[in-house]
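Q: Contents are mmCIF, C-alpha atoms and all ligand atoms; file name final23.cif:
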data_coords
#
loop_
_atom_site.label_atom_id
_atom_site.label_comp_id
_atom_site.auth_asym_id
_atom_site.auth_seq_id
_atom_site.Cartn_x
_atom_site.Cartn_y
_atom_site.Cartn_z
CA MET Y 1 253.66 118.75 118.88
CA THR Y 2 250.99 120.80 117.07
CA PRO Y 3 250.16 119.52 113.56
CA LEU Y 4 251.23 121.68 110.64
CA THR Y 5 248.29 122.66 108.47
CA ASN Y 6 249.27 125.83 106.65
CA PRO Y 7 250.77 125.12 103.19
CA ALA Y 8 252.86 128.33 103.06
CA VAL Y 9 254.39 127.62 106.45
CA ILE Y 10 254.98 123.98 105.56
CA ARG Y 11 256.78 125.10 102.39
CA ALA Y 12 258.88 127.64 104.32
CA SER Y 13 259.83 125.11 106.98
CA LEU Y 14 260.60 122.38 104.51
CA GLY Y 15 262.62 124.73 102.28
CA ALA Y 16 264.77 125.84 105.19
CA TYR Y 17 265.24 122.25 106.33
CA LEU Y 18 266.26 121.02 102.87
CA GLU Y 19 268.67 123.95 102.52
CA GLU Y 20 270.29 122.98 105.82
CA LEU Y 21 270.66 119.41 104.63
CA ARG Y 22 272.18 120.60 101.36
CA GLU Y 23 274.66 122.80 103.23
CA SER Y 24 275.66 119.87 105.42
CA GLY Y 25 276.51 117.88 102.29
CA ILE Y 26 273.33 115.82 101.80
CA GLU Y 27 272.39 116.14 98.16
CA GLY Y 28 269.39 113.88 97.87
CA LEU Y 29 266.66 112.18 99.85
CA PRO Y 30 264.98 108.84 99.13
CA VAL Y 31 261.39 109.34 97.98
CA ASP Y 32 258.77 107.08 99.50
CA ALA Y 33 255.96 106.84 96.95
CA SER Y 34 253.36 106.46 99.69
CA TYR Y 35 254.16 109.99 100.91
CA ASP Y 36 252.66 111.66 97.88
CA ASN Y 37 251.39 114.61 99.84
CA LEU Y 38 252.72 116.33 102.91
CA GLN Y 39 249.75 115.59 105.12
CA GLN Y 40 250.73 111.92 104.99
CA VAL Y 41 254.12 112.57 106.54
CA PRO Y 42 253.82 111.49 110.14
CA HIS Y 43 254.22 114.28 112.68
CA GLY Y 44 257.61 114.19 114.28
CA ALA Y 45 259.24 112.96 111.08
CA ARG Y 46 261.19 116.18 110.81
CA THR Y 47 263.36 117.90 113.34
CA LYS Y 48 262.47 121.47 112.43
CA ASP Y 49 258.68 121.58 112.71
CA LEU Y 50 257.25 125.03 113.16
CA GLU Y 51 255.15 125.85 116.15
CA PRO Y 52 252.09 127.62 114.79
CA LEU Y 53 251.21 130.37 117.23
CA GLN Y 54 247.94 132.18 117.68
CA ALA Y 55 248.13 135.19 115.37
CA ALA Y 56 246.72 138.71 115.50
CA SER Y 57 243.15 137.49 115.48
CA ALA Y 58 241.66 140.53 113.81
CA PHE Y 59 243.57 139.86 110.58
CA GLU Y 60 240.94 137.39 109.38
CA GLY Y 61 238.35 140.15 109.23
CA VAL Y 62 240.52 142.68 107.42
CA PRO Y 63 239.14 143.51 103.96
CA HIS Y 64 241.10 142.69 100.81
CA HIS Y 65 241.51 145.14 97.91
CA GLU Y 66 242.26 148.29 99.94
CA THR Y 67 245.14 150.37 98.63
CA LEU Y 68 247.78 151.86 100.90
CA GLU Y 69 246.59 155.32 99.80
CA GLN Y 70 243.05 154.52 100.94
CA ILE Y 71 244.32 153.24 104.28
CA ARG Y 72 246.50 156.35 104.75
CA LYS Y 73 243.55 158.58 103.91
CA ASN Y 74 241.35 156.74 106.39
CA LEU Y 75 244.01 157.14 109.09
CA GLY Y 76 243.80 160.92 108.58
CA GLU Y 77 245.27 163.19 111.25
CA CYS Y 78 244.83 160.33 113.71
CA LYS Y 79 243.93 161.07 117.34
CA ARG Y 80 242.93 157.54 118.24
CA CYS Y 81 245.51 157.31 121.04
CA LYS Y 82 247.51 159.54 123.35
CA LEU Y 83 250.65 159.41 121.18
CA SER Y 84 248.97 161.91 118.86
CA ALA Y 85 249.42 164.60 121.51
CA THR Y 86 253.22 164.48 121.40
CA ARG Y 87 254.04 163.38 117.83
CA LYS Y 88 255.32 165.68 115.13
CA ASN Y 89 254.54 163.43 112.18
CA ILE Y 90 252.62 160.24 111.56
CA VAL Y 91 255.04 157.57 110.29
CA PHE Y 92 252.81 155.46 108.06
CA GLY Y 93 255.31 153.23 106.25
CA VAL Y 94 257.53 153.34 103.20
CA GLY Y 95 258.40 151.16 100.24
CA ASN Y 96 256.88 149.01 97.57
CA PRO Y 97 253.08 148.61 97.88
CA LYS Y 98 253.49 145.15 96.35
CA ALA Y 99 256.61 144.18 98.31
CA ARG Y 100 257.42 140.50 98.66
CA LEU Y 101 259.00 141.24 102.03
CA VAL Y 102 257.74 143.54 104.81
CA PHE Y 103 259.78 144.57 107.85
CA VAL Y 104 257.71 145.50 110.91
CA GLY Y 105 259.42 147.47 113.68
CA GLU Y 106 258.29 148.86 116.97
CA GLY Y 107 257.59 152.57 116.60
CA PRO Y 108 259.14 155.80 115.37
CA GLY Y 109 262.03 157.37 117.25
CA ALA Y 110 263.00 161.04 117.25
CA ASP Y 111 264.44 161.03 113.71
CA GLU Y 112 261.47 159.17 112.29
CA ASP Y 113 259.06 161.53 114.09
CA GLU Y 114 260.92 164.48 112.59
CA GLN Y 115 260.98 163.11 109.03
CA GLY Y 116 257.75 161.09 108.90
CA GLU Y 117 259.58 158.02 107.61
CA PRO Y 118 260.38 154.75 109.43
CA PHE Y 119 263.92 153.66 110.22
CA VAL Y 120 265.85 156.77 109.18
CA GLY Y 121 267.89 157.16 112.39
CA ARG Y 122 270.73 155.01 113.75
CA ALA Y 123 268.61 151.85 113.86
CA GLY Y 124 267.58 152.67 110.32
CA GLY Y 125 271.23 152.70 109.32
CA VAL Y 126 271.57 149.13 110.60
CA LEU Y 127 268.37 148.04 108.84
CA ASN Y 128 269.57 149.65 105.59
CA ARG Y 129 272.87 147.77 105.82
CA LEU Y 130 270.99 144.54 106.40
CA ILE Y 131 268.70 145.15 103.41
CA THR Y 132 271.71 145.97 101.23
CA ALA Y 133 273.57 142.89 102.47
CA MET Y 134 270.54 140.86 101.41
CA GLY Y 135 270.94 142.23 97.88
CA LEU Y 136 267.76 144.29 98.19
CA THR Y 137 266.86 147.99 98.37
CA ARG Y 138 264.54 149.96 100.65
CA GLU Y 139 262.39 150.67 97.59
CA GLU Y 140 261.85 146.95 96.93
CA VAL Y 141 260.68 146.06 100.43
CA TYR Y 142 258.10 147.71 102.69
CA ILE Y 143 258.99 149.06 106.13
CA CYS Y 144 256.52 149.99 108.86
CA ASN Y 145 255.92 149.78 112.61
CA ILE Y 146 253.29 148.52 115.03
CA VAL Y 147 252.59 152.13 116.06
CA LYS Y 148 252.76 155.11 113.73
CA CYS Y 149 253.53 157.83 116.27
CA ARG Y 150 256.58 158.22 118.47
CA PRO Y 151 256.27 156.94 122.04
CA PRO Y 152 257.78 159.71 124.22
CA GLY Y 153 261.34 159.03 125.35
CA ASN Y 154 261.47 156.02 123.00
CA ARG Y 155 259.64 153.85 125.52
CA ASP Y 156 257.89 150.70 124.29
CA PRO Y 157 254.42 151.34 122.87
CA GLU Y 158 251.71 150.71 125.48
CA ARG Y 159 248.90 148.24 125.06
CA ASP Y 160 246.16 150.83 124.38
CA GLU Y 161 248.39 152.50 121.78
CA VAL Y 162 249.05 149.22 119.98
CA THR Y 163 245.35 148.34 120.17
CA ALA Y 164 244.41 151.66 118.57
CA CYS Y 165 247.09 151.55 115.88
CA SER Y 166 247.52 147.90 114.91
CA PRO Y 167 244.31 147.67 112.83
CA PHE Y 168 246.02 150.00 110.35
CA LEU Y 169 249.11 147.80 110.28
CA LEU Y 170 246.94 144.74 109.65
CA ARG Y 171 245.21 146.57 106.77
CA GLN Y 172 248.60 147.53 105.33
CA LEU Y 173 249.76 143.92 105.52
CA ARG Y 174 246.55 142.70 103.89
CA SER Y 175 246.92 145.28 101.12
CA ILE Y 176 250.56 144.47 100.41
CA ASN Y 177 250.01 140.71 100.82
CA PRO Y 178 253.74 139.95 101.12
CA GLU Y 179 255.23 136.50 100.74
CA THR Y 180 256.99 136.89 104.06
CA ILE Y 181 257.21 139.28 107.03
CA VAL Y 182 260.17 140.01 109.28
CA SER Y 183 259.19 141.26 112.75
CA LEU Y 184 261.97 143.30 114.31
CA GLY Y 185 262.26 142.84 118.05
CA LYS Y 186 259.98 141.96 120.89
CA PRO Y 187 257.04 144.40 120.65
CA ALA Y 188 256.50 143.79 116.91
CA THR Y 189 256.85 140.03 117.26
CA HIS Y 190 254.62 139.79 120.33
CA THR Y 191 251.96 141.97 118.71
CA LEU Y 192 251.81 140.01 115.47
CA LEU Y 193 252.08 136.56 117.00
CA GLU Y 194 250.11 137.33 120.17
CA CYS Y 195 252.56 135.55 122.36
CA ASN Y 196 255.04 136.44 125.10
CA ASP Y 197 257.97 134.15 124.45
CA PRO Y 198 261.40 135.78 124.50
CA ILE Y 199 262.61 136.94 121.12
CA SER Y 200 265.73 134.82 121.58
CA LYS Y 201 263.44 131.77 121.56
CA LEU Y 202 261.16 132.94 118.75
CA ARG Y 203 263.80 134.04 116.26
CA GLY Y 204 265.38 131.70 113.77
CA ARG Y 205 262.25 129.85 112.65
CA PHE Y 206 259.31 130.85 110.49
CA ARG Y 207 256.04 131.31 112.36
CA ASP Y 208 252.55 131.40 110.88
CA PHE Y 209 250.94 134.81 110.55
CA HIS Y 210 247.64 133.90 108.93
CA GLY Y 211 249.23 131.97 106.12
CA ILE Y 212 252.17 134.34 105.75
CA PRO Y 213 255.49 132.95 107.01
CA LEU Y 214 256.81 135.41 109.59
CA MET Y 215 260.43 135.44 110.70
CA PRO Y 216 261.04 137.08 114.08
CA THR Y 217 264.49 138.54 114.55
CA TYR Y 218 266.35 140.97 116.77
CA HIS Y 219 265.62 144.69 116.49
CA PRO Y 220 268.37 146.79 114.86
CA SER Y 221 268.57 148.91 118.04
CA TYR Y 222 269.44 145.75 119.97
CA LEU Y 223 272.24 145.09 117.50
CA LEU Y 224 273.53 148.63 118.06
CA ARG Y 225 273.45 148.12 121.82
CA SER Y 226 275.10 144.72 121.67
CA GLY Y 227 278.15 145.93 119.75
CA GLY Y 228 279.35 145.49 116.18
CA ASN Y 229 281.02 142.11 116.58
CA SER Y 230 278.28 140.46 118.52
CA ASP Y 231 276.88 137.01 117.72
CA SER Y 232 273.47 138.65 117.42
CA PHE Y 233 274.51 140.10 114.04
CA TRP Y 234 275.14 136.61 112.81
CA ASP Y 235 271.87 135.37 114.29
CA VAL Y 236 270.04 138.06 112.33
CA TRP Y 237 271.99 137.19 109.20
CA GLU Y 238 271.02 133.53 109.60
CA ASP Y 239 267.38 134.60 109.92
CA MET Y 240 267.66 136.74 106.77
CA THR Y 241 269.31 133.85 104.94
CA GLN Y 242 266.18 131.80 105.56
CA VAL Y 243 264.06 134.71 104.32
CA LEU Y 244 266.09 134.95 101.10
CA GLN Y 245 265.80 131.19 100.61
CA LEU Y 246 262.05 131.37 101.07
CA LEU Y 247 261.89 134.14 98.46
CA LYS Y 248 264.15 132.07 96.19
CA LEU Y 249 266.64 134.94 96.03
CA PRO Y 250 270.41 134.47 95.96
CA VAL Y 251 272.05 134.34 99.37
CA PRO Y 252 275.13 136.58 99.38
CA ASP Y 253 278.38 135.20 100.73
CA LYS Y 254 278.04 134.42 104.43
CA SER Y 255 281.34 136.06 105.24
CA ARG Y 256 279.67 139.43 104.67
CA LYS Y 257 278.30 140.96 107.82
CA PRO Y 258 275.02 142.87 107.70
N1 LIG Y 301 262.80 151.80 115.62
C1 LIG Y 301 261.65 151.28 115.17
O1 LIG Y 301 261.16 150.27 115.66
N2 LIG Y 301 261.05 151.87 114.15
C2 LIG Y 301 261.55 152.94 113.55
O2 LIG Y 301 260.92 153.41 112.61
C3 LIG Y 301 262.75 153.44 114.03
C4 LIG Y 301 263.37 152.87 115.07
#
Just dump the structure as structure tokens.
Ligand code: URA
A:
Amino acid sequence: MTPLTNPAVIRASLGAYLEELRESGIEGLPVDASYDNLQQVPHGARTKDLEPLQAASAFEGVPHHETLEQIRKNLGECKRCKLSATRKNIVFGVGNPKARLVFVGEGPGADEDEQGEPFVGRAGGVLNRLITAMGLTREEVYICNIVKCRPPGNRDPERDEVTACSPFLLRQLRSINPETIVSLGKPATHTLLECNDPISKLRGRFRDFHGIPLMPTYHPSYLLRSGGNSDSFWDVWEDMTQVLQLLKLPVPDKSRKP
């Protein structure tokens, strides 16, 4: 098992673990005075250790103190990749520049390309319902994608496109400096965590994105494809419950579906 070193990820993991204990009826834990800081807890003492994964390496070099406006201006009428040839609008991102929570999706679809705003089509409807079910609004969070122009035919973004575009995403994330990130689906999760594990394996536990706890979950389009009553909805809701707990926000009644 890889040792935990990042305090934010340790806090997220421990918070989720304690919440699980509380829900299962355990209301207190004996305190051992010799464990006066977390680094002294032997590895393997807990069942829900996070697996820190190698993160988008370039993030370390991303400057602080840029505003989203400056980043948007620097992006300009971008022609850094071939998606620029077929897009109608650049879809930069939307929401609170100081959001505590950022959702990162895959890339604009036809509706988003038309309107220049992320998640305004059918998948956006699902994401909106999820955000509302969490007791939040679109204006409170920030929503963006790993690529800012529509891949033709809604195919997955290709490697060169992600390589050209992701520096702007990393700058947005640095600027917003959220307390947590939710990556929606495989391309977003794999890009941010630089790994190839299936999303079904990655979801459900916080991962370390350069000190920011990142929760991978299923993409809203997957939920649409898998049908309204699917278990995947509940998996996503469980993931969002952990996010709300991390943010110390109330968790709405679990009988409500996103
Ligand atoms: N799917 C995405 O990943 N992003 C959008 O903006 C819309 C649909």
Q: Please identify all polymer residues within 9 Å of range 116-130 of chain Y, counting all atoms listed in the file, omitting same-chain residues fewer than 2 positions from it, and present them as a PDB file with C-alpha atoms, in the coordinates of the input.
A:
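Final file, around21.pdb:
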ATOM      1  CA  LYS Y  88     255.320 165.680 115.130  1.00  0.00           C
ATOM      2  CA  ASN Y  89     254.540 163.430 112.180  1.00  0.00           C
ATOM      3  CA  ILE Y  90     252.620 160.240 111.560  1.00  0.00           C
ATOM      4  CA  VAL Y  91     255.040 157.570 110.290  1.00  0.00           C
ATOM      5  CA  PHE Y  92     252.810 155.460 108.060  1.00  0.00           C
ATOM      6  CA  GLY Y  93     255.310 153.230 106.250  1.00  0.00           C
ATOM      7  CA  VAL Y  94     257.530 153.340 103.200  1.00  0.00           C
ATOM      8  CA  GLY Y 105     259.420 147.470 113.680  1.00  0.00           C
ATOM      9  CA  GLY Y 107     257.590 152.570 116.600  1.00  0.00           C
ATOM     10  CA  PRO Y 108     259.140 155.800 115.370  1.00  0.00           C
ATOM     11  CA  GLY Y 109     262.030 157.370 117.250  1.00  0.00           C
ATOM     12  CA  ALA Y 110     263.000 161.040 117.250  1.00  0.00           C
ATOM     13  CA  ASP Y 111     264.440 161.030 113.710  1.00  0.00           C
ATOM     14  CA  GLU Y 112     261.470 159.170 112.290  1.00  0.00           C
ATOM     15  CA  ASP Y 113     259.060 161.530 114.090  1.00  0.00           C
ATOM     16  CA  GLU Y 114     260.920 164.480 112.590  1.00  0.00           C
ATOM     17  CA  THR Y 132     271.710 145.970 101.230  1.00  0.00           C
ATOM     18  CA  ALA Y 133     273.570 142.890 102.470  1.00  0.00           C
ATOM     19  CA  MET Y 134     270.540 140.860 101.410  1.00  0.00           C
ATOM     20  CA  GLY Y 135     270.940 142.230  97.880  1.00  0.00           C
ATOM     21  CA  LEU Y 136     267.760 144.290  98.190  1.00  0.00           C
ATOM     22  CA  THR Y 137     266.860 147.990  98.370  1.00  0.00           C
ATOM     23  CA  ARG Y 138     264.540 149.960 100.650  1.00  0.00           C
ATOM     24  CA  ILE Y 143     258.990 149.060 106.130  1.00  0.00           C
ATOM     25  CA  CYS Y 144     256.520 149.990 108.860  1.00  0.00           C
ATOM     26  CA  ASN Y 145     255.920 149.780 112.610  1.00  0.00           C
ATOM     27  CA  LYS Y 148     252.760 155.110 113.730  1.00  0.00           C
ATOM     28  CA  HIS Y 219     265.620 144.690 116.490  1.00  0.00           C
ATOM     29  CA  PRO Y 220     268.370 146.790 114.860  1.00  0.00           C
ATOM     30  CA  SER Y 221     268.570 148.910 118.040  1.00  0.00           C
ATOM     31  CA  TYR Y 222     269.440 145.750 119.970  1.00  0.00           C
ATOM     32  CA  LEU Y 223     272.240 145.090 117.500  1.00  0.00           C
ATOM     33  CA  LEU Y 224     273.530 148.630 118.060  1.00  0.00           C
ATOM     34  CA  VAL Y 236     270.040 138.060 112.330  1.00  0.00           C
ATOM     35  CA  TRP Y 237     271.990 137.190 109.200  1.00  0.00           C
ATOM     36  CA  MET Y 240     267.660 136.740 106.770  1.00  0.00           C
ATOM     37  CA  LYS Y 257     278.300 140.960 107.820  1.00  0.00           C
ATOM     38  CA  PRO Y 258     275.020 142.870 107.700  1.00  0.00           C
TER      39      PRO Y 258
END
Q: Nearest to Pro178 in chain Y among Y:Ala99, Y:Gly153, Y:Gln242, Y:Arg207, with distances taken over all atoms listed in the file: which residue is it?
A: Y:Ala99
Q: Residues proximal to (259.6, 146.0, 122.1) were defined as those with any atom within 7 Å of that point in the file's coordinates, counting all atoms listed in the file. Which are they, as JSON, numbers by chain?
A: {"Y": [106, 156, 185, 186, 187, 188]}
Q: How big is the axis-aligned box around all listed atoms of range 148-158 of chain Y once 6 Å goes on each side, and where's its centre, in Å to one decimal, as lines of an AutoDock Vina configuration file?
A:
center_x = 256.6
center_y = 155.2
center_z = 119.6
size_x = 21.8
size_y = 21.0
size_z = 23.8
Q: Report the distance between CA of Pro151 in chain Y and CA of Arg87 in chain Y in Å, rounded to one decimal place.
A: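 Here the two named atoms are 8.0 Å from each other.
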Q: I want to know what sits within 10 Å of Arg174 in chain Y, based on only C-alpha atoms, with residues of the same chain fewer than 6 positions away left out; could you give that as a PyMOL selection string?
A: chain Y and resi 59-60+62-68+168
Q: Those same residues, written as a short mmCIF file (atom, residue, chain, number, x, y, z; two decimals), keeping the file's coordinate frame with C-alpha atoms?
A:
data_model
loop_
_atom_site.label_atom_id
_atom_site.label_comp_id
_atom_site.auth_asym_id
_atom_site.auth_seq_id
_atom_site.Cartn_x
_atom_site.Cartn_y
_atom_site.Cartn_z
CA PHE Y 59 243.57 139.86 110.58
CA GLU Y 60 240.94 137.39 109.38
CA VAL Y 62 240.52 142.68 107.42
CA PRO Y 63 239.14 143.51 103.96
CA HIS Y 64 241.10 142.69 100.81
CA HIS Y 65 241.51 145.14 97.91
CA GLU Y 66 242.26 148.29 99.94
CA THR Y 67 245.14 150.37 98.63
CA LEU Y 68 247.78 151.86 100.90
CA PHE Y 168 246.02 150.00 110.35
#
Q: Tell me which of Y:Ile131, Y:Ile212, Y:Cys149, Y:Leu75 sits closest to ligand LIG 301 (chain Y), counting all atoms listed in the file.
A: Y:Cys149
Q: Work out how far apart CA of Thr180 in chain Y and CA of Asp253 in chain Y are and give it in Å to one decimal.
A: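 Computing the Euclidean distance for CA of Thr180 in chain Y and CA of Asp253 in chain Y yields 21.7 Å.
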Q: Expressed in Å to a single decimal, how great is the separation between atom C1 of ligand LIG 301 (chain Y) and CA of Gln70 in chain Y?
A: 23.6 Å
Q: With all atoms listed in the file as the basis for distance, which of Y:Gln172, Y:Thr163, Y:Asn96, Y:Ser183 is at the shortest distance from ligand LIG 301 (chain Y)?
A: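 Result for the nearest residue to ligand LIG 301 (chain Y): Y:Ser183.
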Q: Using all atoms listed in the file, which of the listed residues (Y:Pro97, Y:Tyr218, Y:His210, Y:Arg205) sits closest to ligand LIG 301 (chain Y)?
A: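 For ligand LIG 301 (chain Y), the nearest of the given residues is Y:Tyr218.
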Q: Which residue out of Y:Asn154, Y:Thr86, Y:Asn196, Y:Asn74 has the minimum interatomic distance to ligand LIG 301 (chain Y) when all atoms listed in the file are used?
A: Y:Asn154
Q: So which one's closest to ligand LIG 301 (chain Y), Y:Arg171, Y:Arg159, Y:Arg150, Y:Lys82? Using only C-alpha atoms and all ligand atoms, please.
A: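 Looking at the shortest contact to ligand LIG 301 (chain Y), the residue is Y:Arg150.
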